[in-house]
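*Asks:* Structure in structure tokens, see below.
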There are 2 protein chains.
Amino acid sequence: MNNNGIGTMPANGRYQAAVRDGFWNKYIALVQDVVIPYQYEALHDRVPEAAPSYAIANFEIAAGRRTGEYGGMVFQDSDVAKWLEAVAYSLMLKPDAELERRADEVIDLVGEAQQPDGYLNTYFTIKEPGKRWTNLTDCHELYCAGHFIEAAVAYYEATGKDKLLNIMRRMVDYVDTVFGPEDGKLKGYDGHQEIELALVKLYRLTGEEKYLKLSAFFINERGQQPNFLVEEWKQRDQVSHWLGRTEQMDPAYNQADVPVREQEVAVGHSVRAVYMYTAMADLAAITGDAGLREACERLWANMTGKQMYITGGIGSTHHGEAFTFDYDLPNDTAYAETCASIGLIFFARRMLELSPDARYADVMERALYNNVLGSMAQDGKHYFYVNPLEVWPQACKHDPGKHHVKSERQGWFGCACCPPNVARLLTSLDQYIYTVHGDTAYVNLYIGSEWTTALGGTNVSIEQQSSFPWEGKVSFRVNPEQAADFGLALRIPSWSDGMQLSINGQPQQDAFSTEQGYLVLRRLWQPGDLVEVDIPMEAHRVYSHPNLRADAQKAAIQRGPLVYCLEEADNGQPLSSITWSAASGFTDRFEPALLGGAVIVEGSGFRTESGSWEDGLYSRRKPQSQPVKVTAVPYYLWGNRGSGEMTVWVKEDRI
Amino acid sequence: MNNNGIGTMPANGRYQAAVRDGFWNKYIALVQDVVIPYQYEALHDRVPEAAPSYAIANFEIAAGRRTGEYGGMVFQDSDVAKWLEAVAYSLMLKPDAELERRADEVIDLVGEAQQPDGYLNTYFTIKEPGKRWTNLTDCHELYCAGHFIEAAVAYYEATGKDKLLNIMRRMVDYVDTVFGPEDGKLKGYDGHQEIELALVKLYRLTGEEKYLKLSAFFINERGQQPNFLVEEWKQRDQVSHWLGRTEQMDPAYNQADVPVREQEVAVGHSVRAVYMYTAMADLAAITGDAGLREACERLWANMTGKQMYITGGIGSTHHGEAFTFDYDLPNDTAYAETCASIGLIFFARRMLELSPDARYADVMERALYNNVLGSMAQDGKHYFYVNPLEVWPQACKHDPGKHHVKSERQGWFGCACCPPNVARLLTSLDQYIYTVHGDTAYVNLYIGSEWTTALGGTNVSIEQQSSFPWEGKVSFRVNPEQAADFGLALRIPSWSDGMQLSINGQPQQDAFSTEQGYLVLRRLWQPGDLVEVDIPMEAHRVYSHPNLRADAQKAAIQRGPLVYCLEEADNGQPLSSITWSAASGFTDRFEPALLGGAVIVEGSGFRTESGSWEDGLYSRRKPQSQPVKVTAVPYYLWGNRGSGEMTVWVKEDRI
């Protein structure tokens, strides 16, 4: 059933490589050494400075090990699942008997909490028994199941242990008796998409068609009339889990207003959207469904071409953590949730499977190096949910329209979706570096790694060395088992200008063709061939589409994959006083003392002199400006030096 | 008790003049011919396109004339009061037997709705009998009484009829038995200030000290510990009228967190704030209370020096229609409620009584000609509550953070506070033109009018002719009964540069001194002396304080008292593509075809060429800009030519 000429993903859907990267291994180690253990403590309510999670306690109650009240959000179970998934990836990278023992214990607990019919969800088991499947819109039952399925697949692949896998197969078998096109079954789907992509993973691992069929059912049923979520809401007497009785419900929030194949623009809750698009792209790749593929391409084009921040953030409003409309990307009230960018990376990765087009990898890189990486503090214990592009700390405190924006990363949250999502992404980063189409390996991310794959019938190991994100020098040692013809396609980053290539020390000028944003090296490879690439990484200005009103007459700075920002720590305040000179260039230098070392960018601009202002709020006198040196730091490091102003976009002189 | 050397307001607190003004009489006539009759119909639920008001129906039910349910907001009564007050002012300007008959009928109805003990409030009479004075925080009982007191005073002055006056005196006598420092009385005050300023008016009319004492009690008790509003909320089991049970209540929203004399900055709901400050300034003027006066000056300085839009709008957030903090004046999410600017005018007028300082009159003029005037459509039937300084119509519809902003004026509202407030302000505009201190008449607004007053023991009539707001030529025919020494003080507008003066055709150079922003003509006046003033009204740029981040690197246009804006109708969209040239000047011309005739301002700028943009959202290529003629129209006229973009602040080249 797989493979309609589009992508040659391994049966299990994974291209496992070993990350050996000077930049990323530090973060992966942080996840392994700090985040996973810290999350384990948090799930057990043992972090003194954080509000209790209740996640493990809920399972203990559901398992009958203790008594008590359900605690936390209705989807609290998913935190346990995401932790297990991150643990699985971590164990693939580095065995850890103690960690595996803890995970096994948690899995035992999960198994005990499973009901005799296979049902698994502590909220409905403890708090609302008998109310299963009465509020799919709000209550995340299938969402939580989806996360446990992802964890189960990963844990099986990491350890070969099938206990959690079997727990989740029982759960899915039970779900399959509840939902489906057959008479007497619910023609419904979850309010928060997630199980759809998880079922594809389960199908890829097991080859069991019914999982694929169930995923497709959820996707295909979504938005059909009569609308399941609306009818369900009416049957509940219009009562919402979150809001009590409501007068209106808008299934566009759940991307369920129209059938998925008819959706034209990204709407509603942004994490739900990208999780759904991910499953749609998976299904399109596996089944060759052209309508689904076209919908994915359309939604991708709208989302990344009209509704994405330069940092790879999506979902511009905190009201419903949602998309608004084309070109509406305010910087200071941005939501740009961390989880949404992680979902965008999932979706981009699936689109790369459908079609080797560097645009997808560009967005993946943008979201990864900026919005996602920036969400985590250097200590691994503090996170941003909301990733604004402009911050005025006083406004975060005193302007209710900006209360959702924080100027410093916060500890573990009541709704702890983002930190475990970061953990599972970083520990599975190897899966995002490469794709294979036909006999060609595509390099999507320049991340140092060791990888073995089959290309045109030959086993090939590729060792990538990368100096990203600080320098653009990357090399590939290509080792086929024996000399063989195949392709190695190197992504030409959209931000680059003049990529240099040599093979075995010989510069290659125009020897190879560019296809969909990749420089495709098709040749007879010898064992030990060395490909060296130099991608210039000069700091440069970026401008936005004239319809993007929030960034008009402004420039951002980008260097390589990193977007830069100005911080009060370097430039004083108010940052709005600073303008870039249009003509001047930038210098950059590696600053080892800055938060583990980073390249900072300096340029010349002007600063409005507050001191010369002698009037009240308004005056006929134009404030004077003076030349000033301006320092920009990578966006991902912002907010690590105390609470202060920050801005990505800076006004620039017209000429 | 009156008069500690500060102001010589007539006993009734009014400086009645007859407005004879080419600009304003059109609006006053609009209020008389359209707004008041239209509001009458609306109060009677007879406007087919508008939601019912229920205001008169509530009185009919309370009066026992009919049965039914209470309708509308808890403060719906106040709409009737505000209408009666506007009618009273209108009758002073122009007798209208039919209108007076209708008002008398409404007053009869109000009288029938009054309870035997004097209590008057239809909400508690119909809907929650027995719950009087249990929720001052939310339920506006004293607020509604205050509006009826204002109406009663005005109606008595207009007609000599004392029926409503006696109704309200009975109500106040009853309130006086409920509230006060004595044992057994409530040591409370209303959640929405209003009765405090109304009681001062009642005192001024009647000379009855107990009204003044009650007003001072409410002001002095506010914010004292234990906090009345907080204790009351606890006694209600923390139940709010609006939100059900709440976990927190913040008396700063009601300016009741600390005693009024200790308040340093403007906080909370902006209309509540300025209504309170108005009463504080009244009491300070009457009693000479220095602490109260200093608080007024401090709060004025903060509000107008750090929290006021260039249009005279205050209250920058729609969350609670409230102040946020210093220099936080976002243009596109502004609230700047019409009623708040009207209250600001009330307060400014009282401050002018305390001290003849042109700064107060400048703010009064700014709020009147821009925020307030702009709130009303040219048909008198459509209004803005929210007066933004930047509008993108799609964002009003699709960005939940901007749903409160409308791109076109709306019909009668569910909460109809603003339209009747505009009506009562415009029909009483004569009271804002002049003040008297000692033997000097101060001209605060340049509005054509006929006025007679006593200056230094001589009756003087002053006929002002004004070409405002389009030209700065103003003349005063000064007619003392006989030759006499006194002063005529002409406000030098803060926006003016080089005011010219002649007396009886003779130019006067430096013959008179400037005191607190007024050119004070102290001389021996002869009957028929003619003072002519020419205040240059060239269009000019205005810049904002460097801390006002939302307006950084931008300029606004002002010409005379009018702030200008750019509209899509003249300049296309997106307006963010336009920058002003720093060096170029402006031309202006009267355009008779524009909405009844207005001076438009033209200048040269640059427009970013959308057509040349070939990339996606972000690009290394800077978009090209081309010279463009830019047209600005008075802010008060915005949104009258269909839904489109609008902006007051426009980016300007640095040099």
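Chain labels A, B, ... are given in the sequence in which chains occur in the structure tokens; within each chain residues are numbered consecutively from 1, and ligands are likewise numbered from 1 in the order shown.
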Got a sec: who's within 10 Å of A:Glu112, counting only C-alpha atoms, leaving out chain neighbours fewer than 5 positions off, as a ChimeraX atom specification?
*Replies:* /A:59-60,62-65,106-107,120,167
*Asks:* Run DSSP on the backbone of this structure and report the residues of stretch 189-394 of chain A it assigns to alpha helix (DSSP H), as number ranges by chain.
*Replies:* A: 195-206, 209-221, 228-235, 270-287, 290-306, 338-354, 358-366, 373-374, 393-394
*Asks:* What lies within 8 Å of stretch 549-555 of chain B using only C-alpha atoms, ignoring chain neighbours under 2 positions off, as an MDAnalysis selection string?
*Replies:* (chainID A and resid 574 576:577 651) or (chainID B and resid 327:331 541:544 546:547 557 580 649:654)
*Asks:* Show me, as a ChimeraX atom specification, the residues that have an atom within 9 Å of stretch 265-273 of chain A when counting only C-alpha atoms, minus same-chain residues fewer than 6 positions from it.
*Replies:* /A:191-194,251-255,298-303,307,314-316,320-326,336-337,339-344
*Asks:* Which neighbours of stretch 19-24 of chain A fall inside 8 Å, counting only C-alpha atoms, when residues of the same chain fewer than 5 positions from it are skipped, and could you give them as a PDB file with N, CA, C and O atoms, in the first residue's frame?
*Replies:*
```pdb
ATOM      1  N   LEU A 429      15.499  14.365  17.402  1.00  0.00           N
ATOM      2  CA  LEU A 429      15.922  15.316  16.379  1.00  0.00           C
ATOM      3  C   LEU A 429      16.512  14.620  15.155  1.00  0.00           C
ATOM      4  O   LEU A 429      16.406  15.115  14.018  1.00  0.00           O
ATOM      5  N   ASP A 430      17.150  13.479  15.382  1.00  0.00           N
ATOM      6  CA  ASP A 430      17.766  12.716  14.287  1.00  0.00           C
ATOM      7  C   ASP A 430      16.770  12.397  13.175  1.00  0.00           C
ATOM      8  O   ASP A 430      17.155  12.225  12.023  1.00  0.00           O
ATOM      9  N   ILE A 447      22.914  19.191  10.576  1.00  0.00           N
ATOM     10  CA  ILE A 447      23.170  18.811  11.969  1.00  0.00           C
ATOM     11  C   ILE A 447      24.121  17.618  11.940  1.00  0.00           C
ATOM     12  O   ILE A 447      23.849  16.605  11.280  1.00  0.00           O
ATOM     13  N   GLY A 448      25.254  17.765  12.638  1.00  0.00           N
ATOM     14  CA  GLY A 448      26.248  16.708  12.661  1.00  0.00           C
ATOM     15  C   GLY A 448      25.628  15.372  13.075  1.00  0.00           C
ATOM     16  O   GLY A 448      24.886  15.311  14.052  1.00  0.00           O
ATOM     17  N   SER A 449      25.930  14.313  12.311  1.00  0.00           N
ATOM     18  CA  SER A 449      25.232  13.050  12.564  1.00  0.00           C
ATOM     19  C   SER A 449      25.886  11.912  11.799  1.00  0.00           C
ATOM     20  O   SER A 449      26.601  12.128  10.817  1.00  0.00           O
ATOM     21  N   GLU A 450      25.625  10.726  12.260  1.00  0.00           N
ATOM     22  CA  GLU A 450      26.054   9.508  11.549  1.00  0.00           C
ATOM     23  C   GLU A 450      24.795   8.755  11.170  1.00  0.00           C
ATOM     24  O   GLU A 450      23.914   8.529  12.005  1.00  0.00           O
ATOM     25  N   GLN A 465      29.388  16.473   9.326  1.00  0.00           N
ATOM     26  CA  GLN A 465      29.944  17.358  10.351  1.00  0.00           C
ATOM     27  C   GLN A 465      29.484  18.773  10.032  1.00  0.00           C
ATOM     28  O   GLN A 465      29.550  19.194   8.881  1.00  0.00           O
ATOM     29  N   SER A 466      29.008  19.451  11.064  1.00  0.00           N
ATOM     30  CA  SER A 466      28.408  20.770  10.813  1.00  0.00           C
ATOM     31  C   SER A 466      28.875  21.779  11.846  1.00  0.00           C
ATOM     32  O   SER A 466      29.018  21.443  13.025  1.00  0.00           O
ATOM     33  N   SER A 467      29.116  22.983  11.409  1.00  0.00           N
ATOM     34  CA  SER A 467      29.450  24.059  12.349  1.00  0.00           C
ATOM     35  C   SER A 467      28.265  25.004  12.542  1.00  0.00           C
ATOM     36  O   SER A 467      28.417  26.094  13.089  1.00  0.00           O
ATOM     37  N   PHE A 468      27.081  24.568  12.089  1.00  0.00           N
ATOM     38  CA  PHE A 468      25.863  25.350  12.335  1.00  0.00           C
ATOM     39  C   PHE A 468      25.633  25.494  13.830  1.00  0.00           C
ATOM     40  O   PHE A 468      25.995  24.585  14.581  1.00  0.00           O
ATOM     41  N   PRO A 469      24.939  26.497  14.286  1.00  0.00           N
ATOM     42  CA  PRO A 469      24.419  27.627  13.502  1.00  0.00           C
ATOM     43  C   PRO A 469      25.405  28.784  13.407  1.00  0.00           C
ATOM     44  O   PRO A 469      25.032  29.818  12.877  1.00  0.00           O
TER      45      PRO A 469
END
```
*Asks:* So how far away is atom CA of B:Gly456 from atom CA of B:Phe512, in Å?
*Replies:*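 Computing the Euclidean distance for atom CA of B:Phe512 and atom CA of B:Gly456 yields 19.1 Å.
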*Asks:* Applying 8 Å and only C-alpha atoms, which residues near stretch 603-605 of chain B remain after dropping the ones on its own chain fewer than 5 positions away? List them as a ChimeraX atom specification.
*Replies:* /B:578-581,584-587,627-631
*Asks:* In Å to one decimal, how far is atom CA of B:Glu365 from atom CA of B:Phe346?
*Replies:*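 The value is 11.6 Å.
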*Asks:* Extract, using only C-alpha atoms, all DNA, RNA and protein residues at most 10 Å from A:Gln573, discarding same-chain residues fewer than 5 positions from it, and format them as a list in words.
*Replies:*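 Here the qualifying residues turn out to be Trp392, Glu567, Glu568, Ile578, Ser610, Gly644, Glu645 and Met646 of chain A; Pro546 and Asn547 of chain B.
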*Asks:* Could those residues be written to a file, using all heavy atoms, as a PDB file, in the first residue's frame?
*Replies:*
```pdb
ATOM      1  N   TRP A 392       7.585  44.325  26.287  1.00  0.00           N
ATOM      2  CA  TRP A 392       7.760  45.458  27.196  1.00  0.00           C
ATOM      3  C   TRP A 392       7.292  44.928  28.545  1.00  0.00           C
ATOM      4  O   TRP A 392       6.084  44.773  28.760  1.00  0.00           O
ATOM      5  CB  TRP A 392       6.912  46.622  26.703  1.00  0.00           C
ATOM      6  CG  TRP A 392       7.000  47.885  27.508  1.00  0.00           C
ATOM      7  CD1 TRP A 392       7.915  48.211  28.458  1.00  0.00           C
ATOM      8  CD2 TRP A 392       6.113  49.010  27.404  1.00  0.00           C
ATOM      9  NE1 TRP A 392       7.668  49.460  28.945  1.00  0.00           N
ATOM     10  CE2 TRP A 392       6.571  49.976  28.325  1.00  0.00           C
ATOM     11  CE3 TRP A 392       4.997  49.301  26.633  1.00  0.00           C
ATOM     12  CZ2 TRP A 392       5.926  51.199  28.486  1.00  0.00           C
ATOM     13  CZ3 TRP A 392       4.362  50.513  26.800  1.00  0.00           C
ATOM     14  CH2 TRP A 392       4.828  51.459  27.711  1.00  0.00           C
ATOM     15  N   GLU A 567      17.919  43.333  22.744  1.00  0.00           N
ATOM     16  CA  GLU A 567      17.473  43.252  24.132  1.00  0.00           C
ATOM     17  C   GLU A 567      17.917  44.491  24.899  1.00  0.00           C
ATOM     18  O   GLU A 567      18.951  45.097  24.607  1.00  0.00           O
ATOM     19  CB  GLU A 567      18.057  42.003  24.806  1.00  0.00           C
ATOM     20  CG  GLU A 567      17.368  40.724  24.399  1.00  0.00           C
ATOM     21  CD  GLU A 567      17.568  39.651  25.458  1.00  0.00           C
ATOM     22  OE1 GLU A 567      18.647  39.047  25.467  1.00  0.00           O
ATOM     23  OE2 GLU A 567      16.650  39.453  26.291  1.00  0.00           O
ATOM     24  N   GLU A 568      17.086  44.793  25.899  1.00  0.00           N
ATOM     25  CA  GLU A 568      17.395  45.923  26.773  1.00  0.00           C
ATOM     26  C   GLU A 568      18.765  45.762  27.436  1.00  0.00           C
ATOM     27  O   GLU A 568      19.481  46.748  27.621  1.00  0.00           O
ATOM     28  CB  GLU A 568      16.291  46.032  27.838  1.00  0.00           C
ATOM     29  CG  GLU A 568      16.425  47.227  28.750  1.00  0.00           C
ATOM     30  CD  GLU A 568      15.281  47.305  29.770  1.00  0.00           C
ATOM     31  OE1 GLU A 568      14.168  46.842  29.449  1.00  0.00           O
ATOM     32  OE2 GLU A 568      15.514  47.828  30.868  1.00  0.00           O
ATOM     33  N   ILE A 578      15.181  53.093  18.866  1.00  0.00           N
ATOM     34  CA  ILE A 578      16.294  52.748  17.972  1.00  0.00           C
ATOM     35  C   ILE A 578      15.804  52.528  16.544  1.00  0.00           C
ATOM     36  O   ILE A 578      14.781  51.879  16.320  1.00  0.00           O
ATOM     37  CB  ILE A 578      17.008  51.484  18.500  1.00  0.00           C
ATOM     38  CG1 ILE A 578      17.673  51.802  19.850  1.00  0.00           C
ATOM     39  CG2 ILE A 578      18.018  50.961  17.488  1.00  0.00           C
ATOM     40  CD1 ILE A 578      18.307  50.612  20.524  1.00  0.00           C
ATOM     41  N   SER A 610      15.963  60.667  24.624  1.00  0.00           N
ATOM     42  CA  SER A 610      14.906  60.978  25.585  1.00  0.00           C
ATOM     43  C   SER A 610      15.270  62.216  26.378  1.00  0.00           C
ATOM     44  O   SER A 610      14.407  63.010  26.744  1.00  0.00           O
ATOM     45  CB  SER A 610      14.701  59.823  26.563  1.00  0.00           C
ATOM     46  OG  SER A 610      14.504  58.628  25.888  1.00  0.00           O
ATOM     47  N   GLY A 644      13.514  42.270  30.673  1.00  0.00           N
ATOM     48  CA  GLY A 644      13.798  43.510  29.961  1.00  0.00           C
ATOM     49  C   GLY A 644      13.072  43.556  28.644  1.00  0.00           C
ATOM     50  O   GLY A 644      12.438  42.581  28.236  1.00  0.00           O
ATOM     51  N   GLU A 645      13.193  44.687  27.974  1.00  0.00           N
ATOM     52  CA  GLU A 645      12.554  44.801  26.662  1.00  0.00           C
ATOM     53  C   GLU A 645      13.271  43.939  25.634  1.00  0.00           C
ATOM     54  O   GLU A 645      14.467  43.658  25.746  1.00  0.00           O
ATOM     55  CB  GLU A 645      12.562  46.259  26.200  1.00  0.00           C
ATOM     56  CG  GLU A 645      11.603  47.130  26.966  1.00  0.00           C
ATOM     57  CD  GLU A 645      11.429  48.505  26.316  1.00  0.00           C
ATOM     58  OE1 GLU A 645      11.540  48.614  25.092  1.00  0.00           O
ATOM     59  OE2 GLU A 645      11.177  49.454  27.070  1.00  0.00           O
ATOM     60  N   MET A 646      12.533  43.529  24.624  1.00  0.00           N
ATOM     61  CA  MET A 646      13.097  42.749  23.522  1.00  0.00           C
ATOM     62  C   MET A 646      12.308  43.081  22.271  1.00  0.00           C
ATOM     63  O   MET A 646      11.103  43.293  22.336  1.00  0.00           O
ATOM     64  CB  MET A 646      12.976  41.260  23.827  1.00  0.00           C
ATOM     65  CG  MET A 646      13.559  40.319  22.774  1.00  0.00           C
ATOM     66  SD  MET A 646      12.464  39.958  21.361  1.00  0.00           S
ATOM     67  CE  MET A 646      11.236  38.893  22.136  1.00  0.00           C
TER      68      MET A 646
ATOM     69  N   PRO B 546       9.376  60.125  23.849  1.00  0.00           N
ATOM     70  CA  PRO B 546      10.121  58.915  23.477  1.00  0.00           C
ATOM     71  C   PRO B 546       9.713  57.660  24.253  1.00  0.00           C
ATOM     72  O   PRO B 546       9.933  56.550  23.775  1.00  0.00           O
ATOM     73  CB  PRO B 546      11.578  59.300  23.779  1.00  0.00           C
ATOM     74  CG  PRO B 546      11.606  60.787  23.615  1.00  0.00           C
ATOM     75  CD  PRO B 546      10.268  61.268  24.113  1.00  0.00           C
ATOM     76  N   ASN B 547       9.118  57.819  25.403  1.00  0.00           N
ATOM     77  CA  ASN B 547       8.665  56.627  26.134  1.00  0.00           C
ATOM     78  C   ASN B 547       7.358  56.061  25.591  1.00  0.00           C
ATOM     79  O   ASN B 547       6.961  54.965  25.983  1.00  0.00           O
ATOM     80  CB  ASN B 547       8.472  56.953  27.619  1.00  0.00           C
ATOM     81  CG  ASN B 547       9.797  57.058  28.341  1.00  0.00           C
ATOM     82  OD1 ASN B 547      10.838  56.676  27.810  1.00  0.00           O
ATOM     83  ND2 ASN B 547       9.757  57.598  29.553  1.00  0.00           N
TER      84      ASN B 547
END
```
